[in-house]
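Below is input-v1.pdb, holding PDB, C-alpha atoms.
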```
ATOM      1  CA  MET A   1      17.724 -10.543  77.196
ATOM      2  CA  LEU A   2      20.705 -10.624  74.855
ATOM      3  CA  ASN A   3      20.532 -14.409  74.640
ATOM      4  CA  GLN A   4      16.862 -14.249  73.653
ATOM      5  CA  GLU A   5      17.607 -11.739  70.860
ATOM      6  CA  ASN A   6      20.464 -13.922  69.660
ATOM      7  CA  GLN A   7      18.167 -16.959  69.459
ATOM      8  CA  SER A   8      15.573 -14.925  67.559
ATOM      9  CA  THR A   9      18.200 -13.775  65.057
ATOM     10  CA  LYS A  10      19.483 -17.324  64.598
ATOM     11  CA  LYS A  11      15.959 -18.567  64.058
ATOM     12  CA  LYS A  12      15.319 -15.890  61.401
ATOM     13  CA  LYS A  13      18.571 -16.747  59.618
ATOM     14  CA  THR A  14      17.722 -20.437  59.706
ATOM     15  CA  MET A  15      14.234 -19.814  58.338
ATOM     16  CA  TRP A  16      15.690 -17.585  55.624
ATOM     17  CA  ARG A  17      18.222 -20.274  54.644
ATOM     18  CA  TRP A  18      15.474 -22.904  54.439
ATOM     19  CA  TRP A  19      13.345 -20.606  52.284
ATOM     20  CA  ALA A  20      16.277 -19.747  50.017
ATOM     21  CA  LYS A  21      17.113 -23.437  49.596
ATOM     22  CA  ALA A  22      13.472 -24.205  48.845
ATOM     23  CA  LEU A  23      13.574 -21.665  46.000
ATOM     24  CA  GLY A  24      16.456 -23.453  44.331
ATOM     25  CA  GLU A  25      20.160 -24.026  44.440
ATOM     26  CA  LYS A  26      22.505 -21.390  45.753
ATOM     27  CA  ALA A  27      23.195 -18.900  42.962
ATOM     28  CA  SER A  28      26.798 -18.102  43.805
ATOM     29  CA  LYS A  29      29.495 -18.600  46.403
ATOM     30  CA  CYS A  30      28.948 -15.102  47.761
ATOM     31  CA  ASP A  31      26.209 -15.113  50.413
ATOM     32  CA  ARG A  32      25.193 -11.513  49.743
ATOM     33  CA  GLU A  33      24.668 -12.148  46.032
ATOM     34  CA  SER A  34      22.809 -15.391  46.758
ATOM     35  CA  ASP A  35      20.520 -13.528  49.153
ATOM     36  CA  ARG A  36      19.695 -10.932  46.491
ATOM     37  CA  ILE A  37      18.869 -13.648  43.984
ATOM     38  CA  ALA A  38      16.728 -15.405  46.591
ATOM     39  CA  ILE A  39      14.810 -12.136  47.077
ATOM     40  CA  ILE A  40      14.199 -11.919  43.317
ATOM     41  CA  ARG A  41      13.050 -15.551  43.276
ATOM     42  CA  THR A  42      10.745 -14.804  46.202
ATOM     43  CA  PHE A  43       9.224 -11.890  44.257
ATOM     44  CA  ILE A  44       8.671 -14.118  41.214
ATOM     45  CA  PHE A  45       7.095 -16.800  43.403
ATOM     46  CA  ALA A  46       4.807 -14.211  45.027
ATOM     47  CA  THR A  47       3.603 -12.962  41.628
ATOM     48  CA  TYR A  48       2.855 -16.550  40.549
ATOM     49  CA  LEU A  49       0.977 -17.152  43.791
ATOM     50  CA  ILE A  50      -1.086 -13.973  43.467
ATOM     51  CA  THR A  51      -1.891 -14.697  39.811
ATOM     52  CA  ASN A  52      -3.019 -18.227  40.626
ATOM     53  CA  GLY A  53      -5.136 -16.864  43.475
ATOM     54  CA  PHE A  54      -6.973 -14.563  41.061
ATOM     55  CA  ILE A  55      -7.475 -17.405  38.577
ATOM     56  CA  VAL A  56      -8.938 -19.664  41.268
ATOM     57  CA  ALA A  57     -11.130 -16.844  42.587
ATOM     58  CA  GLY A  58     -12.498 -16.257  39.087
ATOM     59  CA  VAL A  59     -13.242 -19.938  38.610
ATOM     60  CA  ILE A  60     -15.004 -20.149  41.961
ATOM     61  CA  ARG A  61     -16.965 -16.969  41.241
ATOM     62  CA  HIS A  62     -18.266 -18.285  37.928
ATOM     63  CA  TRP A  63     -18.544 -21.916  38.986
ATOM     64  CA  ASN A  64     -22.304 -22.344  38.804
ATOM     65  CA  ASP A  65     -23.496 -19.517  36.596
ATOM     66  CA  ASP A  66     -26.944 -20.277  35.261
ATOM     67  CA  SER A  67     -26.509 -18.262  32.105
ATOM     68  CA  GLN A  68     -27.079 -20.319  28.988
ATOM     69  CA  ILE A  69     -25.152 -19.833  25.819
ATOM     70  CA  GLU A  70     -27.102 -20.406  22.645
ATOM     71  CA  ILE A  71     -25.299 -20.916  19.381
ATOM     72  CA  PHE A  72     -27.144 -20.569  16.093
ATOM     73  CA  ILE A  73     -25.514 -21.991  13.013
ATOM     74  CA  GLU A  74     -27.188 -21.223   9.743
ATOM     75  CA  ASN A  75     -26.629 -23.319   6.681
ATOM     76  CA  PRO A  76     -24.550 -21.084   4.379
ATOM     77  CA  TYR A  77     -26.010 -22.760   1.294
ATOM     78  CA  GLU A  78     -29.637 -21.973   2.093
ATOM     79  CA  VAL A  79     -31.192 -18.646   1.203
ATOM     80  CA  PRO A  80     -33.452 -17.329   3.946
ATOM     81  CA  SER A  81     -37.056 -17.479   2.814
ATOM     82  CA  ASN A  82     -38.010 -14.102   4.252
ATOM     83  CA  LEU A  83     -35.795 -12.083   1.854
ATOM     84  CA  PRO A  84     -37.239 -10.292  -1.175
ATOM     85  CA  GLN A  85     -36.509 -11.862  -4.561
ATOM     86  CA  THR A  86     -33.867  -9.239  -5.508
ATOM     87  CA  GLN A  87     -31.791  -9.959  -2.383
ATOM     88  CA  LYS A  88     -32.050 -13.706  -2.971
ATOM     89  CA  GLU A  89     -30.582 -13.272  -6.428
ATOM     90  CA  GLY A  90     -27.766 -11.104  -5.059
ATOM     91  CA  ILE A  91     -26.770 -13.748  -2.529
ATOM     92  CA  LEU A  92     -26.673 -16.550  -5.046
TER      93      LEU A  92
END
```

What is this file in structure tokens?
Amino acid sequence: MLNQENQSTKKKKTMWRWWAKALGEKASKCDRESDRIAIIRTFIFATYLITNGFIVAGVIRHWNDDSQIEIFIENPYEVPSNLPQTQKEGIL
């Protein structure tokens, strides 16, 4: 039983070391400080991952929207013909 727990602990430490190395170089010579920095890097990575997940979900959600966008551009130099004469003079 003790041997099995020891193997489990070793496996967790090994996985943690691999993860910490994947996040970047070791921050300091002190293992405790390096572990804290690896935890901060893990938090930053998790926020990036969550943010990207929301961005992708939004893109997928709006992928094939059938709404059409119409843009009307009026010529700024033309006076609309439906205005009364006094407003036409005020515009010009």

* Any idea what's packed within 7 Å of region 23-28 of chain A, counting only C-alpha atoms, ignoring anything in its chain fewer than 4 positions away? Could you give it as a ChimeraX atom specification? -> /A:19,33-34,37,41

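Using all atoms listed in the file, the nearest neighbour of Arg36 (chain A) within the list A:Ile71, A:Glu5, A:Trp16, A:Gly58 is A:Trp16.
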
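Reported to one decimal place, the separation of CA of Lys12 (chain A) from CA of Asp35 (chain A) is 13.5 Å.
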